[in-house]
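Scroll down for the structure; my scribbles are underneath it.
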Amino acid sequence: MSDDELNPLMATNPRHIAIIMDGNGRWAQKRFMPRAFGHQAGVKAVRKIVEYCALQKVEVLTLFAFSSENWRRPEDEVSMLMGLFLATLQTEINKLDRNNIRLRFIGDRSAFSESLQSKMAEGEAQTQGNDALTLVIAANYGGRWDMCQACQQILDKMATGGLPQQAITEELIAQHLSTTDLPEPDLYIRTGGEQRVSNFMLWQLAYTEMYFTPTLWPDFDEQSLEAAIVSFKSRQRRFGHTGEQILNKSVTL
Ligand code: FPP
């Protein structure tokens, strides 16, 4: 009996992988280096993982680069991270474009500098026609923020009479989230040993498979991602159904 017959959902690859890249600071501290050194090494890991996902034909990779709460970090670390994002975009946009990768940002970008905001817009515009991997960078993003901005949009439509109260469904809310045109994450990975969600895609993670690893982000490489995908593929996703229904193929998911 093949894997597929044993478990019809087992052999699928994740379409959307979402990652919290944790552990840059500790990686640097272990080497008696400043935290900035860890973030720079983190960018190198980002490159490897993006390339690997494109190779594996993953449709969407979302990376949590900066949370709404990361502004609470020391000022010099925040400004170092802003400089790193800008420098990375300056060097990477053309490479992403050449590799047919679409770049997207989610989060409240109004808090970023003009130069960063315009580079983000430029990266999105330049790559919008690409149809290999979609790389989503969550920047000044929070799951609660996402739900609030969805509510605000919906309430605006209700106030102008365009939307009756009965129209509020799960689908409608999902359509107003910043991820509206993307599949929900199949696999959520957090590096660095912590086992929490930290205000990442709260709505979208409802049925996502979770994978936690102690590996610090700069050390997370192709083999580490492959191990996460192997773990994902060994799980039976039931979406509320019973295991028997899945095995009998009596439901469509
Ligand atoms: C968490 O590690 C990491 C961050 C808050 C920043 C992540 C940013 C990068 C990897 C750069 C990516 C750049 C782009 C453009 C996508 P931490 O500092 O919390 O580590 P610690 O828990 O060991 O202190």
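The chains in the structure tokens are called A, B, ... from first to last as shown; in each chain the residues are counted from 1, and the ligands are counted from 1 in the order shown.
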
TODO: Could you find all residues in region 66-186 of chain A that DSSP calls strand (DSSP E) from the backbone, and write them as an MDAnalysis selection string?
DONE: chainID A and resid 66:67 102:106 134:141

How would the residues just chosen look if you wrote them out with N, CA and C atoms as a short mmCIF file (atom, residue, chain, number, x, y, z; two decimals), in the first residue's frame?
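Writing the result to part_4.cif gives the following:
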```cif
data_model
loop_
_atom_site.label_atom_id
_atom_site.label_comp_id
_atom_site.auth_asym_id
_atom_site.auth_seq_id
_atom_site.Cartn_x
_atom_site.Cartn_y
_atom_site.Cartn_z
N PHE A 66 9.66 41.56 11.29
CA PHE A 66 9.61 42.60 12.34
C PHE A 66 8.18 42.69 12.84
N SER A 67 7.99 42.42 14.11
CA SER A 67 6.61 42.42 14.63
C SER A 67 6.24 43.81 15.13
N ARG A 102 7.77 36.68 -6.63
CA ARG A 102 6.96 37.86 -6.34
C ARG A 102 7.18 38.26 -4.89
N LEU A 103 7.43 39.53 -4.67
CA LEU A 103 7.66 40.03 -3.30
C LEU A 103 6.41 40.76 -2.82
N ARG A 104 6.01 40.47 -1.58
CA ARG A 104 4.83 41.12 -0.99
C ARG A 104 5.16 41.50 0.44
N PHE A 105 4.55 42.55 0.94
CA PHE A 105 4.72 42.91 2.35
C PHE A 105 3.36 42.92 3.01
N ILE A 106 3.31 42.45 4.24
CA ILE A 106 2.08 42.62 5.04
C ILE A 106 2.48 43.31 6.34
N THR A 134 5.83 33.15 -4.10
CA THR A 134 5.50 34.47 -3.54
C THR A 134 6.19 34.57 -2.18
N LEU A 135 7.06 35.57 -2.05
CA LEU A 135 7.76 35.80 -0.78
C LEU A 135 7.06 36.93 -0.05
N VAL A 136 6.45 36.59 1.09
CA VAL A 136 5.73 37.59 1.87
C VAL A 136 6.58 37.96 3.08
N ILE A 137 6.89 39.24 3.20
CA ILE A 137 7.64 39.70 4.37
C ILE A 137 6.65 40.40 5.31
N ALA A 138 6.53 39.85 6.52
CA ALA A 138 5.67 40.48 7.52
C ALA A 138 6.53 41.50 8.27
N ALA A 139 6.20 42.78 8.08
CA ALA A 139 7.02 43.86 8.65
C ALA A 139 6.11 44.85 9.37
N ASN A 140 6.40 45.12 10.61
CA ASN A 140 5.48 45.85 11.51
C ASN A 140 4.10 45.19 11.42
N TYR A 141 4.15 43.86 11.49
CA TYR A 141 2.93 43.06 11.38
C TYR A 141 2.57 42.51 12.76
#
```

TODO: Excluding Thr127 (chain A) and any residue of its chain fewer than 2 positions from it, enumerate the residues within 8 Å of it, using only C-alpha atoms, and give them as a list in words.
DONE: Leu96, Asp97, Asn100, Ile101, Arg102, Leu103, Gly123, Glu124, Ala125, Gly129 and Asn130 of chain A

Would you save the residues of that selection, restricted to N, CA and C atoms, as a CSV table (one decimal), in the first residue's frame?
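That gives us part-v4.csv:
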```csv
chain,number,residue,atom,x,y,z
A,96,LEU,N,15.5,38.7,-6.9
A,96,LEU,CA,14.2,38.0,-6.8
A,96,LEU,C,13.4,38.1,-8.1
A,97,ASP,N,13.5,39.2,-8.7
A,97,ASP,CA,12.8,39.4,-10.0
A,97,ASP,C,13.3,38.4,-11.1
A,100,ASN,N,11.9,35.1,-10.9
A,100,ASN,CA,10.5,35.0,-11.1
A,100,ASN,C,9.8,34.9,-9.7
A,101,ILE,N,10.4,35.5,-8.7
A,101,ILE,CA,9.8,35.5,-7.4
A,101,ILE,C,9.0,36.8,-7.1
A,102,ARG,N,7.8,36.7,-6.6
A,102,ARG,CA,7.0,37.9,-6.3
A,102,ARG,C,7.2,38.3,-4.9
A,103,LEU,N,7.4,39.5,-4.7
A,103,LEU,CA,7.7,40.0,-3.3
A,103,LEU,C,6.4,40.8,-2.8
A,123,GLY,N,9.7,47.2,-4.8
A,123,GLY,CA,9.9,45.7,-4.9
A,123,GLY,C,8.6,45.0,-5.3
A,124,GLU,N,7.5,45.5,-4.7
A,124,GLU,CA,6.2,44.9,-5.0
A,124,GLU,C,5.8,45.1,-6.5
A,125,ALA,N,6.0,46.4,-6.9
A,125,ALA,CA,5.6,46.7,-8.3
A,125,ALA,C,6.5,46.0,-9.3
A,129,GLY,N,4.3,40.7,-11.5
A,129,GLY,CA,3.9,39.7,-12.5
A,129,GLY,C,4.5,38.4,-12.4
A,130,ASN,N,5.4,38.2,-11.4
A,130,ASN,CA,6.1,36.9,-11.3
A,130,ASN,C,5.2,35.9,-10.7
```

TODO: Identify, counting only C-alpha atoms and all ligand atoms, the protein, DNA and RNA residues located within 8 Å of ligand 1, and give them as a ChimeraX atom specification.
DONE: /A:20-28,35,38-43,45-46,63-67,70,81,84-86,88-89,137,192,216-218

- [ ] List the neighbours of region 193-204 of chain A out to 8 Å using only C-alpha atoms; skip same-chain residues closer than 2 positions along the sequence, and give me the result as a list in words.
- [x] Phe64, Ser67, Tyr141, Gly142, Gly143, Arg144, Asp146, Met147, Glu184, Pro185, Arg190, Thr191, Ala206, Tyr207, Thr208, Phe212, Thr213, Pro214, Thr215 and Leu216 of chain A

Keeping only all heavy atoms, write the selected residues as a compact mmCIF listing (two decimals), in the first residue's frame.
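Dumped everything to out_31.txt:
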```txt
# COMPACT_ATOMS: atom_id res chain seq x y z
N PHE A 64 8.44 36.31 9.15
CA PHE A 64 8.12 37.35 10.13
C PHE A 64 9.40 38.11 10.43
O PHE A 64 10.24 37.67 11.20
CB PHE A 64 7.59 36.68 11.40
CG PHE A 64 6.69 37.56 12.24
CD1 PHE A 64 6.32 38.82 11.85
CD2 PHE A 64 6.19 37.08 13.46
CE1 PHE A 64 5.47 39.61 12.62
CE2 PHE A 64 5.35 37.85 14.25
CZ PHE A 64 4.99 39.12 13.82
N SER A 67 7.99 42.42 14.11
CA SER A 67 6.61 42.42 14.63
C SER A 67 6.24 43.81 15.13
O SER A 67 7.11 44.67 15.35
CB SER A 67 6.48 41.41 15.77
OG SER A 67 7.04 41.94 16.95
N TYR A 141 4.15 43.86 11.49
CA TYR A 141 2.93 43.06 11.38
C TYR A 141 2.57 42.51 12.76
O TYR A 141 3.44 42.17 13.56
CB TYR A 141 3.15 41.89 10.41
CG TYR A 141 1.94 40.98 10.34
CD1 TYR A 141 0.89 41.27 9.48
CD2 TYR A 141 1.83 39.87 11.18
CE1 TYR A 141 -0.24 40.47 9.45
CE2 TYR A 141 0.70 39.07 11.16
CZ TYR A 141 -0.34 39.38 10.29
OH TYR A 141 -1.46 38.59 10.29
N GLY A 142 1.28 42.40 13.00
CA GLY A 142 0.77 41.70 14.18
C GLY A 142 -0.56 41.08 13.80
O GLY A 142 -1.33 41.69 13.04
N GLY A 143 -0.83 39.89 14.31
CA GLY A 143 -2.10 39.23 13.98
C GLY A 143 -3.29 40.05 14.47
O GLY A 143 -4.33 40.12 13.79
N ARG A 144 -3.14 40.69 15.63
CA ARG A 144 -4.25 41.50 16.16
C ARG A 144 -4.46 42.74 15.30
O ARG A 144 -5.59 43.14 15.04
CB ARG A 144 -3.98 41.86 17.62
CG ARG A 144 -4.03 40.65 18.53
CD ARG A 144 -3.69 41.04 19.95
NE ARG A 144 -3.78 39.86 20.83
CZ ARG A 144 -3.47 39.87 22.12
NH1 ARG A 144 -3.05 40.98 22.68
NH2 ARG A 144 -3.57 38.77 22.82
N ASP A 146 -3.89 42.90 12.18
CA ASP A 146 -4.51 42.45 10.93
C ASP A 146 -6.03 42.34 11.11
O ASP A 146 -6.82 42.77 10.25
CB ASP A 146 -3.90 41.09 10.52
CG ASP A 146 -3.98 40.84 9.03
OD1 ASP A 146 -4.54 41.69 8.31
OD2 ASP A 146 -3.46 39.79 8.59
N MET A 147 -6.43 41.76 12.25
CA MET A 147 -7.88 41.62 12.50
C MET A 147 -8.53 42.99 12.68
O MET A 147 -9.64 43.22 12.21
CB MET A 147 -8.11 40.75 13.72
CG MET A 147 -7.79 39.29 13.46
SD MET A 147 -8.36 38.32 14.86
CE MET A 147 -7.22 37.00 14.84
N GLU A 184 -4.02 29.82 3.17
CA GLU A 184 -3.62 29.86 4.59
C GLU A 184 -2.35 29.03 4.77
O GLU A 184 -2.11 28.07 4.02
CB GLU A 184 -4.75 29.30 5.46
CG GLU A 184 -5.89 30.30 5.54
CD GLU A 184 -7.05 29.87 6.40
OE1 GLU A 184 -7.02 28.74 6.96
OE2 GLU A 184 -7.99 30.66 6.54
N PRO A 185 -1.50 29.38 5.75
CA PRO A 185 -0.27 28.60 5.92
C PRO A 185 -0.59 27.13 6.24
O PRO A 185 -1.47 26.84 7.04
CB PRO A 185 0.42 29.26 7.12
CG PRO A 185 -0.21 30.59 7.26
CD PRO A 185 -1.60 30.48 6.71
N ARG A 190 8.83 27.75 13.88
CA ARG A 190 9.51 28.75 14.71
C ARG A 190 10.85 28.20 15.10
O ARG A 190 10.95 27.12 15.70
CB ARG A 190 8.69 29.09 15.95
CG ARG A 190 9.38 30.21 16.75
CD ARG A 190 8.57 30.72 17.89
NE ARG A 190 9.24 31.86 18.49
CZ ARG A 190 8.66 32.94 18.98
NH1 ARG A 190 7.35 33.03 18.95
NH2 ARG A 190 9.36 33.92 19.51
N THR A 191 11.90 28.94 14.78
CA THR A 191 13.25 28.54 15.18
C THR A 191 13.56 29.15 16.55
O THR A 191 12.80 29.95 17.08
CB THR A 191 14.28 29.01 14.14
OG1 THR A 191 14.29 30.44 14.11
CG2 THR A 191 13.99 28.46 12.76
N ALA A 206 -5.32 28.94 12.10
CA ALA A 206 -6.32 28.08 12.76
C ALA A 206 -6.08 26.59 12.53
O ALA A 206 -6.22 25.79 13.45
CB ALA A 206 -7.72 28.48 12.30
N TYR A 207 -5.72 26.19 11.31
CA TYR A 207 -5.52 24.76 11.02
C TYR A 207 -4.10 24.45 10.53
O TYR A 207 -3.86 23.41 9.92
CB TYR A 207 -6.55 24.29 9.99
CG TYR A 207 -7.89 24.04 10.66
CD1 TYR A 207 -8.90 24.98 10.59
CD2 TYR A 207 -8.09 22.89 11.43
CE1 TYR A 207 -10.10 24.77 11.25
CE2 TYR A 207 -9.28 22.68 12.08
CZ TYR A 207 -10.29 23.61 11.99
OH TYR A 207 -11.46 23.40 12.65
N THR A 208 -3.19 25.35 10.85
CA THR A 208 -1.80 25.18 10.39
C THR A 208 -1.07 24.16 11.28
O THR A 208 -1.28 24.15 12.49
CB THR A 208 -1.09 26.55 10.46
OG1 THR A 208 -1.84 27.47 9.67
CG2 THR A 208 0.34 26.47 9.96
N PHE A 212 8.31 23.32 15.86
CA PHE A 212 9.24 24.13 16.65
C PHE A 212 10.60 23.45 16.66
O PHE A 212 10.69 22.23 16.80
CB PHE A 212 8.73 24.27 18.09
CG PHE A 212 7.39 24.97 18.17
CD1 PHE A 212 6.21 24.24 18.31
CD2 PHE A 212 7.32 26.35 18.10
CE1 PHE A 212 4.98 24.88 18.38
CE2 PHE A 212 6.09 27.00 18.17
CZ PHE A 212 4.92 26.27 18.30
N THR A 213 11.65 24.25 16.49
CA THR A 213 12.99 23.68 16.52
C THR A 213 13.92 24.57 17.35
O THR A 213 13.80 25.80 17.29
CB THR A 213 13.56 23.52 15.09
OG1 THR A 213 14.95 23.19 15.18
CG2 THR A 213 13.43 24.78 14.25
N PRO A 214 14.84 23.93 18.11
CA PRO A 214 15.79 24.75 18.88
C PRO A 214 16.86 25.42 18.01
O PRO A 214 17.57 26.32 18.47
CB PRO A 214 16.44 23.73 19.83
CG PRO A 214 16.22 22.40 19.20
CD PRO A 214 14.97 22.50 18.37
N THR A 215 16.96 25.00 16.74
CA THR A 215 17.97 25.59 15.85
C THR A 215 17.81 27.11 15.80
O THR A 215 16.70 27.60 15.61
CB THR A 215 17.82 25.00 14.43
OG1 THR A 215 17.92 23.59 14.52
CG2 THR A 215 18.87 25.53 13.47
N LEU A 216 18.90 27.82 15.98
CA LEU A 216 18.83 29.29 15.90
C LEU A 216 18.75 29.68 14.41
O LEU A 216 19.34 29.02 13.55
CB LEU A 216 20.07 29.91 16.56
CG LEU A 216 20.28 29.50 18.03
CD1 LEU A 216 21.61 30.04 18.57
CD2 LEU A 216 19.12 29.97 18.92
```

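Distances to Pro34 (chain A) were evaluated for A:Cys148, A:Met80, A:Val230, A:Met210 using only C-alpha atoms, and the minimum falls at A:Met80.
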
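A straight line drawn from CA of Leu205 (chain A) to CA of Leu163 (chain A) is 26.8 Å long.
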
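Atom pair CA of Ala18 (chain A) / CA of Gln128 (chain A): separated by 20.1 Å.
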
Open item on the list: as a ChimeraX atom specification, please: every residue in region 26-171 of chain A that a backbone DSSP assignment puts in helix (DSSP H, G or I).
Closed with: /A:26-30,35-55,70-72,75-98,109-111,114-127,143-159,165-167,170-171

Open item on the list: Using only C-alpha atoms for the distances, tell me which of A:Ser231, A:Gln90, A:Ser224, A:Gln117 is nearest to Glu209 (chain A).
Closed with: A:Ser231

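Closest approach to Ala36 (chain A) among A:Asp76, A:Asn13, A:Glu69, A:Thr62: A:Asp76, based on only C-alpha atoms.
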
TODO: Between A:Ala174, A:Ala150, A:Leu61, A:Ile189, single out the one closest to Phe220 (chain A), counting only C-alpha atoms.
DONE: A:Ile189

Open item on the list: Just checking: using only C-alpha atoms, which residue out of A:Phe37, A:Gly243, A:Arg31, A:Asp156 ends up closest to Glu77 (chain A)?
Closed with: A:Phe37

- [ ] Could you jot down the CA of Arg72 (chain A) to CA of Leu116 (chain A) separation for me, Å, one decimal place?
- [x] 19.4 Å
